[in-house]
Amino acid sequence: MRSAASLIVTAPLAALAGRTAARGDTACNYGVLMVRRVGGGSFGGALVFPGGVQEEQDKGPGDPHVACAIRETYEETGLLLLAAEPPALRARADASFRDLSTMHSTSFRDFCFNNGASALRTHMLARWTTPRAQHKRFDTRFLMLNIGDDDKFALSQLGQEQVQAGELAELDWIAPDQALRDNRTTLALLPPQAYMLHELSQFRRWQDLARRAELLDRSATDRPMEPVLSRRSDGRVVALFPGDRAYPDMQENELPCDTDLFCREPHALGLHRMEMDPAPVGGFLATNLIRTVAYGQPRL
């Protein structure tokens with residue numbers, strides 16, 4: 001299983017004026033950065049948060065998961081989410097170049113260190129592992145970074161995002177409630193992204209979301225969550241999460257029975273699952289998160 005990190009980046013809608021996040025009705029005052037993978041690779045065609053596999057260059061002082069998430073977001077979107085603009089960029093007329101390691105013969109992390117640059121503050125929200133039935137498996141930390149009104153360098157880059165050729169097909173800023181509304185019919189999502197968006201949609205203001213994230217217990221958010229996916233007799237797919245009364249014993253390779261996958265009382269105790277419809281490509285539609293247990297990832 002390969003270690004990976006994914007970054008949930010939010011930005012105020014006011015700073016995204018004219019961007020796609022501003023379309024439609026939303027009760028939220030922020031958008032979330034999401035990218036669509038090209039077909040053929042891992043999660044091909046899926047709309048996900050930027051991120052990728054941890055590399056050797058991410059190791060060093062500090063949290064390697066943060067280093068990986070910041071680096072991958074930069075490589076995939078061109079957003080350099082640092083607290084201030086590095087001097088090496090200020091000295092250039094064109095600060096939009098992407099490959100810092102090639103231009104400076106150093107790793108991304110070393111470039112930041114040599115320029116005294118530190119990442120904007122991140123908060124760990126969750127840790128997911130790929131289901132055991134999958135050939136490629138990842139142990140992924142999901143971190144959140146809120147671009148605030150005072151983050152001038154990050155704000156100055158909005159509107160200059162660029163998709164990484166060969167890796168991404170597109171990128172978009174979208175409000176959580178808007179994404180879930182689109183997910184009912186056309187916007188396919190994978191379970192981790194759908195789960196996170198359901199959690200984020202509880203917060204209309206990014207300021208409240210950031211304050212709540214600061215209170216999360218890191219030891220609890222670092223508890224792995226491995227979904228178990230099963231198809232019901234009515235054609236819907238159910239992702240069971242740890243703590244659900246039907247979650248199987250992973251050591252015994254048990255499979256839940258069909259009757260346990262139906263939820264006729266969504267407020268009953270012992271439920272931690274997501275019901276969804278398979279999409280032709282990119283994941284699932286009509287995701288419905290049902291959670292009545294405290295076990296597993298802490299609630300935002």
# chains A, B, ... in the order shown; residues from 1 in each chain; ligands from 1

$ residues_around --residues "region 26-28 of chain A" --least-positions-apart "2" --cutoff "10 Å" --atoms "only C-alpha atoms" --output "MDAnalysis selection string"
chainID A and resid 12:13 21:24 30:31 174:179 181 200:206

$ residues_around --residues "Pro64 (chain A)" --least-positions-apart "6" --cutoff "10 Å" --atoms "only C-alpha atoms" --output "VMD selection string"
chain A and resid 4 to 5 54 to 58 70 109

$ closest_residue --among "A:Ala15, A:Leu47, A:Ser118, A:Met225" --to "Leu285 (chain A)" --atoms "only C-alpha atoms"
A:Leu47

$ residues_around --residues "Leu171 (chain A)" --least-positions-apart "2" --cutoff "9 Å" --atoms "only C-alpha atoms" --output "PyMOL selection string"
chain A and resi 33-36+47+77+161-163+168-169+173

$ atom_distance --atom1 "CA of Met144 (chain A)" --atom2 "CA of Ala126 (chain A)"
9.5 Å

$ residues_around --residues "His123 (chain A)" --least-positions-apart "5" --cutoff "8 Å" --atoms "only C-alpha atoms" --output "ChimeraX atom specification"
/A:143-145,213-214

$ write_last_selection --atoms "N, CA and C atoms" --output "PDB file, in the first residue's frame"
ATOM      1  N   LEU A 143      -5.959  16.434   3.865  1.00  0.00           N
ATOM      2  CA  LEU A 143      -5.704  17.650   4.623  1.00  0.00           C
ATOM      3  C   LEU A 143      -6.518  18.797   4.026  1.00  0.00           C
ATOM      4  N   MET A 144      -6.834  19.774   4.845  1.00  0.00           N
ATOM      5  CA  MET A 144      -7.579  20.939   4.371  1.00  0.00           C
ATOM      6  C   MET A 144      -6.745  22.200   4.545  1.00  0.00           C
ATOM      7  N   LEU A 145      -6.811  23.063   3.562  1.00  0.00           N
ATOM      8  CA  LEU A 145      -6.132  24.359   3.589  1.00  0.00           C
ATOM      9  C   LEU A 145      -7.142  25.416   3.182  1.00  0.00           C
ATOM     10  N   ALA A 213     -12.116  22.875  12.139  1.00  0.00           N
ATOM     11  CA  ALA A 213     -11.002  21.990  11.797  1.00  0.00           C
ATOM     12  C   ALA A 213      -9.877  22.098  12.810  1.00  0.00           C
ATOM     13  N   GLU A 214      -9.683  23.268  13.375  1.00  0.00           N
ATOM     14  CA  GLU A 214      -8.630  23.458  14.373  1.00  0.00           C
ATOM     15  C   GLU A 214      -8.880  22.638  15.636  1.00  0.00           C
TER      16      GLU A 214
END

$ residues_around --residues "region 242-246 of chain A" --least-positions-apart "5" --cutoff "12 Å" --atoms "only C-alpha atoms" --output "ChimeraX atom specification"
/A:128-129,223-230,254-263,268-274,290-298

$ write_last_selection --atoms "N, CA and C atoms" --output "tab-separated table (two decimals), in the first residue's frame"
chain	number	residue	atom	x	y	z
A	128	TRP	N	-7.93	7.69	4.66
A	128	TRP	CA	-8.68	6.63	3.99
A	128	TRP	C	-7.71	5.63	3.36
A	129	THR	N	-8.11	4.37	3.37
A	129	THR	CA	-7.35	3.35	2.65
A	129	THR	C	-8.25	2.75	1.56
A	223	ARG	N	-6.99	7.85	12.16
A	223	ARG	CA	-7.47	6.47	12.23
A	223	ARG	C	-7.91	6.05	10.83
A	224	PRO	N	-7.34	4.99	10.27
A	224	PRO	CA	-7.68	4.62	8.89
A	224	PRO	C	-9.15	4.24	8.73
A	225	MET	N	-9.72	4.64	7.61
A	225	MET	CA	-11.09	4.26	7.29
A	225	MET	C	-11.09	3.54	5.94
A	226	GLU	N	-11.43	2.26	5.96
A	226	GLU	CA	-11.46	1.45	4.75
A	226	GLU	C	-12.91	1.10	4.41
A	227	PRO	N	-13.43	1.61	3.31
A	227	PRO	CA	-14.80	1.29	2.94
A	227	PRO	C	-14.92	-0.12	2.37
A	228	VAL	N	-16.08	-0.71	2.57
A	228	VAL	CA	-16.42	-1.99	1.95
A	228	VAL	C	-17.62	-1.75	1.05
A	229	LEU	N	-17.45	-1.95	-0.25
A	229	LEU	CA	-18.49	-1.67	-1.22
A	229	LEU	C	-19.23	-2.94	-1.60
A	230	SER	N	-20.56	-2.86	-1.57
A	230	SER	CA	-21.40	-4.00	-1.95
A	230	SER	C	-22.58	-3.49	-2.76
A	254	GLU	N	-15.53	-11.64	5.62
A	254	GLU	CA	-16.98	-11.75	5.56
A	254	GLU	C	-17.56	-10.76	4.55
A	255	LEU	N	-18.75	-11.05	4.05
A	255	LEU	CA	-19.47	-10.14	3.18
A	255	LEU	C	-20.84	-9.87	3.80
A	256	PRO	N	-21.28	-8.62	3.79
A	256	PRO	CA	-22.59	-8.32	4.36
A	256	PRO	C	-23.71	-8.94	3.52
A	257	CYS	N	-24.78	-9.37	4.18
A	257	CYS	CA	-25.91	-9.93	3.44
A	257	CYS	C	-26.77	-8.80	2.89
A	258	ASP	N	-27.56	-9.13	1.89
A	258	ASP	CA	-28.32	-8.10	1.18
A	258	ASP	C	-29.27	-7.34	2.09
A	259	THR	N	-29.93	-8.03	3.00
A	259	THR	CA	-30.90	-7.36	3.87
A	259	THR	C	-30.24	-6.31	4.76
A	260	ASP	N	-28.98	-6.55	5.13
A	260	ASP	CA	-28.26	-5.59	5.98
A	260	ASP	C	-27.89	-4.32	5.23
A	261	LEU	N	-27.94	-4.37	3.89
A	261	LEU	CA	-27.54	-3.22	3.10
A	261	LEU	C	-28.69	-2.23	2.90
A	262	PHE	N	-29.90	-2.63	3.22
A	262	PHE	CA	-31.04	-1.74	3.12
A	262	PHE	C	-31.21	-0.97	4.43
A	263	CYS	N	-31.49	0.28	4.30
A	263	CYS	CA	-31.62	1.15	5.49
A	263	CYS	C	-33.01	1.78	5.47
A	268	ALA	N	-31.76	5.25	12.70
A	268	ALA	CA	-31.49	4.18	13.65
A	268	ALA	C	-30.02	4.20	14.05
A	269	LEU	N	-29.72	3.67	15.22
A	269	LEU	CA	-28.35	3.65	15.72
A	269	LEU	C	-27.52	2.62	14.94
A	270	GLY	N	-26.20	2.86	14.91
A	270	GLY	CA	-25.29	1.90	14.33
A	270	GLY	C	-25.13	1.99	12.84
A	271	LEU	N	-25.36	3.15	12.26
A	271	LEU	CA	-25.25	3.31	10.81
A	271	LEU	C	-24.09	4.25	10.46
A	272	HIS	N	-23.24	3.79	9.55
A	272	HIS	CA	-22.14	4.61	9.03
A	272	HIS	C	-21.88	4.10	7.62
A	273	ARG	N	-22.62	4.66	6.66
A	273	ARG	CA	-22.61	4.14	5.31
A	273	ARG	C	-22.99	5.20	4.29
A	274	MET	N	-22.76	4.88	3.05
A	274	MET	CA	-23.16	5.78	1.96
A	274	MET	C	-23.85	4.96	0.88
A	290	ILE	N	-25.16	8.41	5.46
A	290	ILE	CA	-25.97	8.12	6.66
A	290	ILE	C	-25.00	7.81	7.78
A	291	ARG	N	-25.05	8.60	8.84
A	291	ARG	CA	-24.09	8.41	9.94
A	291	ARG	C	-24.77	8.68	11.27
A	292	THR	N	-24.92	7.64	12.06
A	292	THR	CA	-25.52	7.77	13.39
A	292	THR	C	-24.61	7.21	14.47
A	293	VAL	N	-23.32	7.01	14.12
A	293	VAL	CA	-22.35	6.48	15.09
A	293	VAL	C	-21.22	7.49	15.27
A	294	ALA	N	-20.57	7.42	16.41
A	294	ALA	CA	-19.43	8.30	16.67
A	294	ALA	C	-18.12	7.65	16.28
A	295	TYR	N	-18.15	6.35	15.99
A	295	TYR	CA	-16.93	5.63	15.66
A	295	TYR	C	-16.44	6.04	14.28
A	296	GLY	N	-15.12	5.94	14.07
A	296	GLY	CA	-14.57	6.28	12.75
A	296	GLY	C	-14.02	7.69	12.75
A	297	GLN	N	-14.04	8.33	11.58
A	297	GLN	CA	-13.51	9.68	11.47
A	297	GLN	C	-14.36	10.64	12.29
A	298	PRO	N	-13.74	11.57	13.03
A	298	PRO	CA	-14.52	12.54	13.79
A	298	PRO	C	-15.31	13.44	12.88

$ residues_around --residues "region 281-283 of chain A" --least-positions-apart "2" --cutoff "6 Å" --atoms "only C-alpha atoms" --output "list in words"
Gly45, Ala46, Ala188, Leu189, Leu190 and Ala279 of chain A

$ closest_residue --among "A:Ala286, A:Ala69, A:Val48, A:Val38" --to "Arg236 (chain A)" --atoms "only C-alpha atoms"
A:Ala286

$ closest_residue --among "A:Cys68, A:Thr287, A:Leu80, A:Val9" --to "Leu209 (chain A)" --atoms "only C-alpha atoms"
A:Val9

$ atom_distance --atom1 "CA of Asp182 (chain A)" --atom2 "CA of His135 (chain A)"
29.7 Å

$ select_by_dssp --residues "region 154-265 of chain A" --states "strand (DSSP E)" --output "list of chain:residue names"
A:Leu168, A:Ala169, A:Glu170, A:Leu171, A:Asp172, A:Trp173, A:Ile174, A:Val228, A:Leu229, A:Ser230, A:Arg231, A:Val237, A:Val238, A:Ala239, A:Leu240

$ atom_distance --atom1 "CA of Leu216 (chain A)" --atom2 "CA of Thr122 (chain A)"
12.0 Å

$ closest_residue --among "A:Ala83, A:Ser3, A:Gly51, A:Asn146" --to "Ala117 (chain A)" --atoms "only C-alpha atoms"
A:Ala83

$ closest_residue --among "A:Gly116, A:Pro50, A:Pro191, A:Gly166" --to "Pro278 (chain A)" --atoms "only C-alpha atoms"
A:Pro191

$ closest_residue --among "A:Leu158, A:Met276, A:Ala239, A:Leu197" --to "Phe49 (chain A)" --atoms "only C-alpha atoms"
A:Leu197

$ select_by_dssp --residues "region 186-285 of chain A" --states "alpha helix (DSSP H)" --output "list in words"
Pro191, Pro192, Gln193, Ala194, Tyr195, Met196, Leu197, His198, Glu199, Leu200, Trp206, Gln207, Asp208, Leu209, Ala210, Arg211, Arg212, Ala213, Glu214, Arg218, Ser219, Ala220 and Thr221 of chain A

$ write_last_selection --atoms "C-alpha atoms" --output "short mmCIF file (atom, residue, chain, number, x, y, z; two decimals), in the first residue's frame"
data_model
loop_
_atom_site.label_atom_id
_atom_site.label_comp_id
_atom_site.auth_asym_id
_atom_site.auth_seq_id
_atom_site.Cartn_x
_atom_site.Cartn_y
_atom_site.Cartn_z
CA PRO A 191 -16.75 7.78 -1.88
CA PRO A 192 -13.95 9.75 -0.11
CA GLN A 193 -14.67 12.95 -2.04
CA ALA A 194 -18.43 12.57 -1.62
CA TYR A 195 -17.97 11.94 2.11
CA MET A 196 -15.80 15.05 2.53
CA LEU A 197 -18.20 17.23 0.55
CA HIS A 198 -21.12 16.05 2.69
CA GLU A 199 -19.12 17.06 5.76
CA LEU A 200 -18.03 20.42 4.32
CA TRP A 206 -15.26 29.02 5.44
CA GLN A 207 -14.35 30.86 8.63
CA ASP A 208 -16.52 28.49 10.70
CA LEU A 209 -15.14 25.51 8.82
CA ALA A 210 -11.56 26.55 9.57
CA ARG A 211 -12.31 27.09 13.26
CA ARG A 212 -13.95 23.68 13.53
CA ALA A 213 -11.00 21.99 11.80
CA GLU A 214 -8.63 23.46 14.37
CA ARG A 218 -5.29 14.55 15.19
CA SER A 219 -5.09 11.07 16.70
CA ALA A 220 -8.72 10.48 15.72
CA THR A 221 -8.41 11.86 12.20
#
